[in-house]
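Next comes model16.pdb, with PDB, C-alpha atoms.
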MODEL        1
ATOM      1  CA  ASP A   1     -85.437 -30.612  16.372  1.00  0.00           C
ATOM      2  CA  GLN A   2     -86.556 -33.924  14.880  1.00  0.00           C
ATOM      3  CA  GLN A   3     -84.315 -36.509  16.502  1.00  0.00           C
ATOM      4  CA  VAL A   4     -85.811 -39.411  14.559  1.00  0.00           C
ATOM      5  CA  LYS A   5     -86.500 -38.988  10.862  1.00  0.00           C
ATOM      6  CA  GLN A   6     -88.178 -41.053   8.222  1.00  0.00           C
ATOM      7  CA  ASN A   7     -87.447 -39.218   5.032  1.00  0.00           C
ATOM      8  CA  SER A   8     -89.716 -41.235   2.777  1.00  0.00           C
ATOM      9  CA  PRO A   9     -93.356 -40.426   3.486  1.00  0.00           C
ATOM     10  CA  SER A  10     -94.534 -43.215   1.204  1.00  0.00           C
ATOM     11  CA  LEU A  11     -93.353 -46.365  -0.548  1.00  0.00           C
ATOM     12  CA  SER A  12     -95.009 -48.695  -3.055  1.00  0.00           C
ATOM     13  CA  VAL A  13     -93.830 -52.276  -3.564  1.00  0.00           C
ATOM     14  CA  GLN A  14     -95.083 -55.202  -5.570  1.00  0.00           C
ATOM     15  CA  GLU A  15     -96.400 -58.190  -3.656  1.00  0.00           C
ATOM     16  CA  GLY A  16     -93.658 -60.764  -3.078  1.00  0.00           C
ATOM     17  CA  ARG A  17     -90.832 -58.257  -3.380  1.00  0.00           C
ATOM     18  CA  ILE A  18     -88.772 -56.738  -0.586  1.00  0.00           C
ATOM     19  CA  SER A  19     -89.897 -53.606   1.233  1.00  0.00           C
ATOM     20  CA  ILE A  20     -87.152 -51.497   2.786  1.00  0.00           C
ATOM     21  CA  LEU A  21     -88.121 -48.730   5.173  1.00  0.00           C
ATOM     22  CA  ASN A  22     -85.479 -46.375   6.447  1.00  0.00           C
ATOM     23  CA  CYS A  23     -85.020 -44.334   9.593  1.00  0.00           C
ATOM     24  CA  ASP A  24     -82.275 -41.931  10.680  1.00  0.00           C
ATOM     25  CA  TYR A  25     -81.575 -40.557  14.112  1.00  0.00           C
ATOM     26  CA  THR A  26     -79.375 -37.808  15.448  1.00  0.00           C
ATOM     27  CA  ASN A  27     -78.928 -38.628  19.137  1.00  0.00           C
ATOM     28  CA  SER A  28     -76.055 -41.044  19.690  1.00  0.00           C
ATOM     29  CA  MET A  29     -77.371 -41.732  23.203  1.00  0.00           C
ATOM     30  CA  PHE A  30     -80.285 -43.742  21.856  1.00  0.00           C
ATOM     31  CA  ASP A  31     -79.724 -47.382  22.714  1.00  0.00           C
ATOM     32  CA  TYR A  32     -82.973 -49.103  21.770  1.00  0.00           C
ATOM     33  CA  PHE A  33     -84.953 -48.927  18.560  1.00  0.00           C
ATOM     34  CA  LEU A  34     -88.351 -50.215  17.557  1.00  0.00           C
ATOM     35  CA  TRP A  35     -90.658 -50.446  14.581  1.00  0.00           C
ATOM     36  CA  TYR A  36     -94.417 -50.143  14.823  1.00  0.00           C
ATOM     37  CA  LYS A  37     -97.094 -50.687  12.200  1.00  0.00           C
ATOM     38  CA  LYS A  38    -100.298 -48.655  12.221  1.00  0.00           C
ATOM     39  CA  TYR A  39    -103.500 -49.314  10.358  1.00  0.00           C
ATOM     40  CA  PRO A  40    -106.128 -46.561  10.034  1.00  0.00           C
ATOM     41  CA  ALA A  41    -108.345 -46.173  13.113  1.00  0.00           C
ATOM     42  CA  GLU A  42    -106.113 -48.484  15.159  1.00  0.00           C
ATOM     43  CA  GLY A  43    -103.266 -47.958  17.584  1.00  0.00           C
ATOM     44  CA  PRO A  44     -99.680 -48.757  16.592  1.00  0.00           C
ATOM     45  CA  THR A  45     -98.747 -52.434  16.745  1.00  0.00           C
ATOM     46  CA  PHE A  46     -95.264 -53.451  17.850  1.00  0.00           C
ATOM     47  CA  LEU A  47     -93.310 -55.249  15.130  1.00  0.00           C
ATOM     48  CA  ILE A  48     -89.687 -55.682  16.046  1.00  0.00           C
ATOM     49  CA  SER A  49     -86.964 -54.073  18.110  1.00  0.00           C
ATOM     50  CA  ILE A  50     -83.194 -53.958  18.302  1.00  0.00           C
ATOM     51  CA  SER A  51     -80.716 -53.045  20.982  1.00  0.00           C
ATOM     52  CA  SER A  52     -77.710 -50.907  20.156  1.00  0.00           C
ATOM     53  CA  ILE A  53     -75.405 -53.812  21.010  1.00  0.00           C
ATOM     54  CA  LYS A  54     -76.672 -55.663  17.937  1.00  0.00           C
ATOM     55  CA  ASP A  55     -76.652 -54.826  14.264  1.00  0.00           C
ATOM     56  CA  LYS A  56     -79.406 -57.159  13.135  1.00  0.00           C
ATOM     57  CA  ASN A  57     -82.560 -58.718  14.506  1.00  0.00           C
ATOM     58  CA  GLU A  58     -84.852 -61.018  12.594  1.00  0.00           C
ATOM     59  CA  ASP A  59     -88.402 -62.167  13.240  1.00  0.00           C
ATOM     60  CA  GLY A  60     -90.060 -64.092  10.460  1.00  0.00           C
ATOM     61  CA  ARG A  61     -90.491 -61.861   7.433  1.00  0.00           C
ATOM     62  CA  PHE A  62     -89.214 -58.821   9.327  1.00  0.00           C
ATOM     63  CA  THR A  63     -85.565 -57.910   9.803  1.00  0.00           C
ATOM     64  CA  VAL A  64     -84.229 -54.746  11.353  1.00  0.00           C
ATOM     65  CA  PHE A  65     -80.684 -53.585  10.637  1.00  0.00           C
ATOM     66  CA  LEU A  66     -78.852 -51.029  12.740  1.00  0.00           C
ATOM     67  CA  ASN A  67     -75.829 -49.032  11.572  1.00  0.00           C
ATOM     68  CA  LYS A  68     -74.685 -47.074  14.605  1.00  0.00           C
ATOM     69  CA  SER A  69     -71.879 -45.253  12.852  1.00  0.00           C
ATOM     70  CA  ALA A  70     -74.339 -43.901  10.309  1.00  0.00           C
ATOM     71  CA  LYS A  71     -77.123 -43.482  12.904  1.00  0.00           C
ATOM     72  CA  HIS A  72     -79.385 -45.361  10.568  1.00  0.00           C
ATOM     73  CA  LEU A  73     -81.769 -48.268  10.866  1.00  0.00           C
ATOM     74  CA  SER A  74     -83.884 -50.046   8.324  1.00  0.00           C
ATOM     75  CA  LEU A  75     -86.754 -52.490   8.321  1.00  0.00           C
ATOM     76  CA  HIS A  76     -86.832 -55.183   5.646  1.00  0.00           C
ATOM     77  CA  ILE A  77     -90.023 -57.058   4.889  1.00  0.00           C
ATOM     78  CA  VAL A  78     -89.596 -60.137   2.736  1.00  0.00           C
ATOM     79  CA  PRO A  79     -91.765 -61.151   1.004  1.00  0.00           C
ATOM     80  CA  SER A  80     -94.132 -58.208   1.110  1.00  0.00           C
ATOM     81  CA  GLN A  81     -97.831 -58.976   1.341  1.00  0.00           C
ATOM     82  CA  PRO A  82    -100.885 -56.785   0.707  1.00  0.00           C
ATOM     83  CA  GLY A  83    -101.717 -57.004   4.424  1.00  0.00           C
ATOM     84  CA  ASP A  84     -98.457 -55.210   5.154  1.00  0.00           C
ATOM     85  CA  SER A  85     -99.937 -52.027   3.689  1.00  0.00           C
ATOM     86  CA  ALA A  86     -99.914 -49.606   6.620  1.00  0.00           C
ATOM     87  CA  VAL A  87     -97.983 -46.709   8.101  1.00  0.00           C
ATOM     88  CA  TYR A  88     -94.691 -47.752   9.692  1.00  0.00           C
ATOM     89  CA  PHE A  89     -93.115 -45.756  12.499  1.00  0.00           C
ATOM     90  CA  CYS A  90     -89.631 -46.149  13.852  1.00  0.00           C
ATOM     91  CA  ALA A  91     -88.981 -45.152  17.445  1.00  0.00           C
ATOM     92  CA  ALA A  92     -85.902 -44.682  19.583  1.00  0.00           C
ATOM     93  CA  SER A  93     -85.281 -44.537  23.281  1.00  0.00           C
ATOM     94  CA  ARG A  94     -82.520 -44.157  25.859  1.00  0.00           C
ATOM     95  CA  ARG A  95     -82.870 -47.051  28.260  1.00  0.00           C
ATOM     96  CA  ALA A  96     -80.026 -45.688  30.343  1.00  0.00           C
ATOM     97  CA  SER A  97     -82.161 -42.665  31.211  1.00  0.00           C
ATOM     98  CA  GLY A  98     -84.667 -44.930  32.947  1.00  0.00           C
ATOM     99  CA  THR A  99     -87.590 -42.939  31.587  1.00  0.00           C
ATOM    100  CA  TYR A 100     -88.469 -45.335  28.742  1.00  0.00           C
ATOM    101  CA  LYS A 101     -89.612 -42.427  26.593  1.00  0.00           C
ATOM    102  CA  TYR A 102     -90.001 -43.159  22.911  1.00  0.00           C
ATOM    103  CA  ILE A 103     -89.193 -40.641  20.213  1.00  0.00           C
ATOM    104  CA  PHE A 104     -91.086 -41.467  17.033  1.00  0.00           C
ATOM    105  CA  GLY A 105     -90.340 -40.731  13.426  1.00  0.00           C
ATOM    106  CA  THR A 106     -92.942 -39.206  11.150  1.00  0.00           C
ATOM    107  CA  GLY A 107     -93.885 -42.502   9.544  1.00  0.00           C
ATOM    108  CA  THR A 108     -93.709 -44.109   6.091  1.00  0.00           C
ATOM    109  CA  ARG A 109     -96.864 -45.230   4.364  1.00  0.00           C
ATOM    110  CA  LEU A 110     -96.229 -48.587   2.706  1.00  0.00           C
ATOM    111  CA  LYS A 111     -98.490 -49.788  -0.058  1.00  0.00           C
ATOM    112  CA  VAL A 112     -98.033 -53.351  -1.252  1.00  0.00           C
ATOM    113  CA  LEU A 113     -99.535 -53.841  -4.681  1.00  0.00           C
ATOM    114  CA  ALA A 114    -101.161 -57.159  -5.508  1.00  0.00           C
TER     115      ALA A 114
ATOM    116  CA  SER B   1     -98.352 -58.253  25.661  1.00  0.00           C
ATOM    117  CA  ALA B   2    -101.314 -56.423  27.213  1.00  0.00           C
ATOM    118  CA  VAL B   3    -104.855 -55.802  26.004  1.00  0.00           C
ATOM    119  CA  ILE B   4    -105.639 -52.118  26.161  1.00  0.00           C
ATOM    120  CA  SER B   5    -108.991 -50.420  25.674  1.00  0.00           C
ATOM    121  CA  GLN B   6    -109.792 -46.741  25.393  1.00  0.00           C
ATOM    122  CA  LYS B   7    -113.054 -44.881  25.804  1.00  0.00           C
ATOM    123  CA  PRO B   8    -114.403 -43.096  23.898  1.00  0.00           C
ATOM    124  CA  SER B   9    -113.103 -44.294  20.562  1.00  0.00           C
ATOM    125  CA  ARG B  10    -114.016 -40.962  19.020  1.00  0.00           C
ATOM    126  CA  ASP B  11    -115.787 -37.757  19.934  1.00  0.00           C
ATOM    127  CA  ILE B  12    -116.739 -34.401  18.529  1.00  0.00           C
ATOM    128  CA  CYS B  13    -116.561 -31.565  21.043  1.00  0.00           C
ATOM    129  CA  GLN B  14    -117.255 -27.858  21.100  1.00  0.00           C
ATOM    130  CA  ARG B  15    -114.443 -25.450  21.802  1.00  0.00           C
ATOM    131  CA  GLY B  16    -114.093 -24.469  25.426  1.00  0.00           C
ATOM    132  CA  THR B  17    -115.336 -27.805  26.739  1.00  0.00           C
ATOM    133  CA  SER B  18    -113.248 -30.720  28.068  1.00  0.00           C
ATOM    134  CA  LEU B  19    -112.968 -34.390  27.177  1.00  0.00           C
ATOM    135  CA  THR B  20    -111.821 -37.165  29.491  1.00  0.00           C
ATOM    136  CA  ILE B  21    -110.345 -40.269  27.901  1.00  0.00           C
ATOM    137  CA  GLN B  22    -110.125 -43.538  29.789  1.00  0.00           C
ATOM    138  CA  CYS B  23    -107.468 -46.211  29.344  1.00  0.00           C
ATOM    139  CA  GLN B  24    -108.014 -49.684  30.793  1.00  0.00           C
ATOM    140  CA  VAL B  25    -105.461 -52.512  30.738  1.00  0.00           C
ATOM    141  CA  ASP B  26    -106.252 -56.182  31.317  1.00  0.00           C
ATOM    142  CA  SER B  27    -103.284 -56.672  33.633  1.00  0.00           C
ATOM    143  CA  GLN B  28    -101.152 -54.651  36.000  1.00  0.00           C
ATOM    144  CA  VAL B  29     -98.429 -52.702  34.229  1.00  0.00           C
ATOM    145  CA  THR B  30     -95.442 -50.802  35.492  1.00  0.00           C
ATOM    146  CA  MET B  31     -95.755 -47.731  33.316  1.00  0.00           C
ATOM    147  CA  MET B  32     -98.501 -45.972  31.372  1.00  0.00           C
ATOM    148  CA  PHE B  33     -98.068 -43.169  28.881  1.00  0.00           C
ATOM    149  CA  TRP B  34    -100.236 -40.763  26.914  1.00  0.00           C
ATOM    150  CA  TYR B  35     -99.364 -39.759  23.361  1.00  0.00           C
ATOM    151  CA  ARG B  36    -100.886 -37.424  20.817  1.00  0.00           C
ATOM    152  CA  GLN B  37    -100.841 -37.795  17.056  1.00  0.00           C
ATOM    153  CA  GLN B  38    -101.885 -34.639  15.283  1.00  0.00           C
ATOM    154  CA  PRO B  39    -103.084 -34.927  11.671  1.00  0.00           C
ATOM    155  CA  GLY B  40    -100.211 -35.958   9.428  1.00  0.00           C
ATOM    156  CA  GLN B  41     -97.752 -35.875  12.299  1.00  0.00           C
ATOM    157  CA  SER B  42     -95.789 -38.319  14.352  1.00  0.00           C
ATOM    158  CA  LEU B  43     -96.681 -39.604  17.802  1.00  0.00           C
ATOM    159  CA  THR B  44     -95.665 -37.189  20.531  1.00  0.00           C
ATOM    160  CA  LEU B  45     -95.417 -38.123  24.188  1.00  0.00           C
ATOM    161  CA  ILE B  46     -97.614 -35.951  26.390  1.00  0.00           C
ATOM    162  CA  ALA B  47     -96.792 -37.424  29.785  1.00  0.00           C
ATOM    163  CA  THR B  48     -95.985 -40.473  31.846  1.00  0.00           C
ATOM    164  CA  ALA B  49     -98.870 -41.396  34.141  1.00  0.00           C
ATOM    165  CA  ASN B  50     -97.475 -42.274  37.562  1.00  0.00           C
ATOM    166  CA  GLN B  51     -99.469 -44.422  39.918  1.00  0.00           C
ATOM    167  CA  GLY B  52    -100.279 -42.574  43.090  1.00  0.00           C
ATOM    168  CA  SER B  53     -98.460 -39.382  42.190  1.00  0.00           C
ATOM    169  CA  GLU B  54     -98.528 -36.517  39.707  1.00  0.00           C
ATOM    170  CA  ALA B  55     -97.834 -37.287  36.073  1.00  0.00           C
ATOM    171  CA  THR B  56     -94.518 -36.375  34.488  1.00  0.00           C
ATOM    172  CA  TYR B  57     -95.130 -33.997  31.579  1.00  0.00           C
ATOM    173  CA  GLU B  58     -93.009 -33.471  28.500  1.00  0.00           C
ATOM    174  CA  SER B  59     -91.875 -30.093  27.326  1.00  0.00           C
ATOM    175  CA  GLY B  60     -94.783 -28.170  25.860  1.00  0.00           C
ATOM    176  CA  PHE B  61     -97.462 -29.991  27.830  1.00  0.00           C
ATOM    177  CA  VAL B  62     -98.846 -28.749  31.154  1.00  0.00           C
ATOM    178  CA  ILE B  63    -101.033 -30.215  33.836  1.00  0.00           C
ATOM    179  CA  ASP B  64    -103.683 -27.508  33.588  1.00  0.00           C
ATOM    180  CA  LYS B  65    -104.341 -28.402  29.970  1.00  0.00           C
ATOM    181  CA  PHE B  66    -103.813 -32.178  30.219  1.00  0.00           C
ATOM    182  CA  PRO B  67    -104.641 -33.382  33.735  1.00  0.00           C
ATOM    183  CA  ILE B  68    -103.917 -37.078  34.168  1.00  0.00           C
ATOM    184  CA  SER B  69    -104.958 -39.555  36.803  1.00  0.00           C
ATOM    185  CA  ARG B  70    -103.679 -43.033  37.493  1.00  0.00           C
ATOM    186  CA  PRO B  71    -105.415 -44.454  40.552  1.00  0.00           C
ATOM    187  CA  ASN B  72    -104.095 -47.998  40.124  1.00  0.00           C
ATOM    188  CA  LEU B  73    -101.870 -50.209  37.963  1.00  0.00           C
ATOM    189  CA  THR B  74    -104.520 -50.939  35.321  1.00  0.00           C
ATOM    190  CA  PHE B  75    -106.308 -47.633  34.704  1.00  0.00           C
ATOM    191  CA  SER B  76    -105.559 -44.047  33.729  1.00  0.00           C
ATOM    192  CA  THR B  77    -107.447 -41.038  32.435  1.00  0.00           C
ATOM    193  CA  LEU B  78    -106.353 -38.092  30.328  1.00  0.00           C
ATOM    194  CA  THR B  79    -108.444 -34.942  30.248  1.00  0.00           C
ATOM    195  CA  VAL B  80    -107.991 -32.416  27.470  1.00  0.00           C
ATOM    196  CA  SER B  81    -109.248 -29.135  28.892  1.00  0.00           C
ATOM    197  CA  ASN B  82    -110.523 -25.924  27.356  1.00  0.00           C
ATOM    198  CA  LEU B  83    -110.629 -27.469  23.919  1.00  0.00           C
ATOM    199  CA  SER B  84    -109.653 -25.603  20.776  1.00  0.00           C
ATOM    200  CA  PRO B  85    -109.582 -26.827  17.174  1.00  0.00           C
ATOM    201  CA  GLU B  86    -105.813 -27.302  17.524  1.00  0.00           C
ATOM    202  CA  ASP B  87    -106.516 -30.120  19.993  1.00  0.00           C
ATOM    203  CA  SER B  88    -108.073 -32.182  17.214  1.00  0.00           C
ATOM    204  CA  SER B  89    -105.861 -35.253  17.268  1.00  0.00           C
ATOM    205  CA  ILE B  90    -105.695 -38.933  18.027  1.00  0.00           C
ATOM    206  CA  TYR B  91    -104.878 -39.543  21.677  1.00  0.00           C
ATOM    207  CA  LEU B  92    -103.199 -42.822  22.484  1.00  0.00           C
ATOM    208  CA  CYS B  93    -102.567 -44.641  25.710  1.00  0.00           C
ATOM    209  CA  SER B  94     -99.578 -46.965  25.876  1.00  0.00           C
ATOM    210  CA  VAL B  95     -98.277 -49.312  28.535  1.00  0.00           C
ATOM    211  CA  LYS B  96     -94.972 -50.915  29.398  1.00  0.00           C
ATOM    212  CA  PRO B  97     -95.888 -54.172  31.082  1.00  0.00           C
ATOM    213  CA  GLY B  98     -92.490 -55.440  32.110  1.00  0.00           C
ATOM    214  CA  GLN B  99     -89.854 -54.546  34.575  1.00  0.00           C
ATOM    215  CA  GLY B 100     -86.472 -53.180  33.714  1.00  0.00           C
ATOM    216  CA  TYR B 101     -85.229 -53.892  30.252  1.00  0.00           C
ATOM    217  CA  GLN B 102     -88.452 -55.495  29.065  1.00  0.00           C
ATOM    218  CA  GLU B 103     -88.764 -52.376  27.047  1.00  0.00           C
ATOM    219  CA  THR B 104     -91.623 -52.724  24.620  1.00  0.00           C
ATOM    220  CA  GLN B 105     -94.605 -50.436  24.877  1.00  0.00           C
ATOM    221  CA  TYR B 106     -98.011 -51.519  23.636  1.00  0.00           C
ATOM    222  CA  PHE B 107    -100.626 -49.087  22.421  1.00  0.00           C
ATOM    223  CA  GLY B 108    -104.346 -48.808  22.812  1.00  0.00           C
ATOM    224  CA  PRO B 109    -106.615 -48.242  19.799  1.00  0.00           C
ATOM    225  CA  GLY B 110    -106.653 -44.479  20.289  1.00  0.00           C
ATOM    226  CA  THR B 111    -109.321 -41.828  20.755  1.00  0.00           C
ATOM    227  CA  ARG B 112    -110.030 -39.631  17.763  1.00  0.00           C
ATOM    228  CA  LEU B 113    -111.037 -36.131  18.849  1.00  0.00           C
ATOM    229  CA  LEU B 114    -112.471 -33.447  16.616  1.00  0.00           C
ATOM    230  CA  VAL B 115    -112.989 -29.993  18.086  1.00  0.00           C
ATOM    231  CA  LEU B 116    -115.366 -27.649  16.311  1.00  0.00           C
TER     232      LEU B 116
ENDMDL
END
Structure re-expressed in structure tokens:
Amino acid sequence: DQQVKQNSPSLSVQEGRISILNCDYTNSMFDYFLWYKKYPAEGPTFLISISSIKDKNEDGRFTVFLNKSAKHLSLHIVPSQPGDSAVYFCAASRRASGTYKYIFGTGTRLKVLA
Amino acid sequence: SAVISQKPSRDICQRGTSLTIQCQVDSQVTMMFWYRQQPGQSLTLIATANQGSEATYESGFVIDKFPISRPNLTFSTLTVSNLSPEDSSIYLCSVKPGQGYQETQYFGPGTRLLVL
């Protein structure tokens, strides 16, 4: 059972435009969500996170939106740059469990076209 | 954040052998984890490496196949035993530096394993 899903395996966007990456989850007990970026031959790099008590968190060009009723989160990148081309993973965890385990989605490969 | 290194960065192994992967962190961290990313798949948690005690394994992963050590707060090893081609994956170490709700995990560069 895939508790965290990224239904778009790939996305292409023109440089300067907005990139929107989506993530859905099924477990309503998740209370913390994160986005990671991964380049080939490197480990995932933390981008941005959001707690379930918020519906938006912004850090520079990156904004994460959380819709708890829909069990959906999205990552917006504005403006998109060629260096943003990578695989993006969303992850969810239950802080209340105290285990700090992350459940990852399957990833979306973003390609920003110059 | 923490600076994390892994050795080896990649290896090619024969089936039936074992590979031990090292994870070194530049500062003491509260928690260390081992993940696997099979080709085209997501990251899957193998186990939580506990300092001074046995690792906590996730469903589908067992100590005999993936023995883990964590002798101190900056170092851990993962051994993948009795290798088969299905073990060909990227193995990633991650750490949670902070206490309590300082939640973010940081990942090492990964070890790419190919089993022939």
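Of the residues listed (B:Gln24, B:Gln6, B:Cys93, B:Thr44), B:Cys93 shows the shortest atom-to-atom separation from Gln105 in chain B; distances use all atoms listed in the file.
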Kindly compute an axis-aligned box around the listed atoms of range 87-93 of chain A, allowing 5 Å on each side, and express its centre and edge lengths in Å to one decimal as AutoDock Vina command-line options.
--center_x -91.6 --center_y -46.1 --center_z 15.7 --size_x 22.7 --size_y 13.2 --size_z 25.2
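Excluding range 10-19 of chain B itself and any same-chain residue fewer than 6 positions from it, the protein and nucleic acid residues within 8 Å of it, counting only C-alpha atoms, are B:Thr79, B:Val80, B:Ser81, B:Asn82, B:Leu83, B:Ser84, B:Pro85, B:Thr111, B:Arg112, B:Leu113, B:Leu114, B:Val115, B:Leu116.
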May I have the selected residues written with C-alpha atoms, as a JSON list (two decimals), in the coordinates of the input?
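This went into selection_14.json:
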[["chain", "number", "residue", "atom", "x", "y", "z"],
["B", 79, "THR", "CA", -108.44, -34.94, 30.25],
["B", 80, "VAL", "CA", -107.99, -32.42, 27.47],
["B", 81, "SER", "CA", -109.25, -29.14, 28.89],
["B", 82, "ASN", "CA", -110.52, -25.92, 27.36],
["B", 83, "LEU", "CA", -110.63, -27.47, 23.92],
["B", 84, "SER", "CA", -109.65, -25.60, 20.78],
["B", 85, "PRO", "CA", -109.58, -26.83, 17.17],
["B", 111, "THR", "CA", -109.32, -41.83, 20.76],
["B", 112, "ARG", "CA", -110.03, -39.63, 17.76],
["B", 113, "LEU", "CA", -111.04, -36.13, 18.85],
["B", 114, "LEU", "CA", -112.47, -33.45, 16.62],
["B", 115, "VAL", "CA", -112.99, -29.99, 18.09],
["B", 116, "LEU", "CA", -115.37, -27.65, 16.31]]
*Could you please tell me, as a count of residues only, which residues of chain B have an atom within 10 Å of chain A when using all atoms listed in the file?*
36
*Show which residues sit within 7 Å of Cys23 in chain B, as a ChimeraX atom specification. Count all atoms listed in the file, and ignore same-chain residues fewer than 2 positions away.*
/B:4-7,21,25,75-77,93
_For this structure, which residues satisfy the selection - the PyMOL selection byres ((chain A and resi 10-21) around 7) - when it is evaluated on the file as given? I want them as a ChimeraX atom specification._
/A:8-9,22-23,74-82,108-114
_If I take CA of Gly52 in chain B and CA of Pro97 in chain B, how far is one from the other in Å, to one decimal?_
17.3 Å
Which polymer residues have any atom within 7 Å of an atom of Leu66 in chain A, counting all atoms listed in the file, with same-chain residues fewer than 6 positions away left out, as a PDB file with C-alpha atoms, in the frame of the given file?
ATOM      1  CA  ASP A  55     -76.652 -54.826  14.264  1.00  0.00           C
ATOM      2  CA  LYS A  56     -79.406 -57.159  13.135  1.00  0.00           C
ATOM      3  CA  HIS A  72     -79.385 -45.361  10.568  1.00  0.00           C
ATOM      4  CA  LEU A  73     -81.769 -48.268  10.866  1.00  0.00           C
ATOM      5  CA  SER A  74     -83.884 -50.046   8.324  1.00  0.00           C
TER       6      SER A  74
END
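Here CA of Val3 in chain B and CA of Arg36 in chain B stand 19.5 Å from one another.
Atom to atom, CA of Trp34 in chain B and CA of Ile68 in chain B stand 8.9 Å apart.
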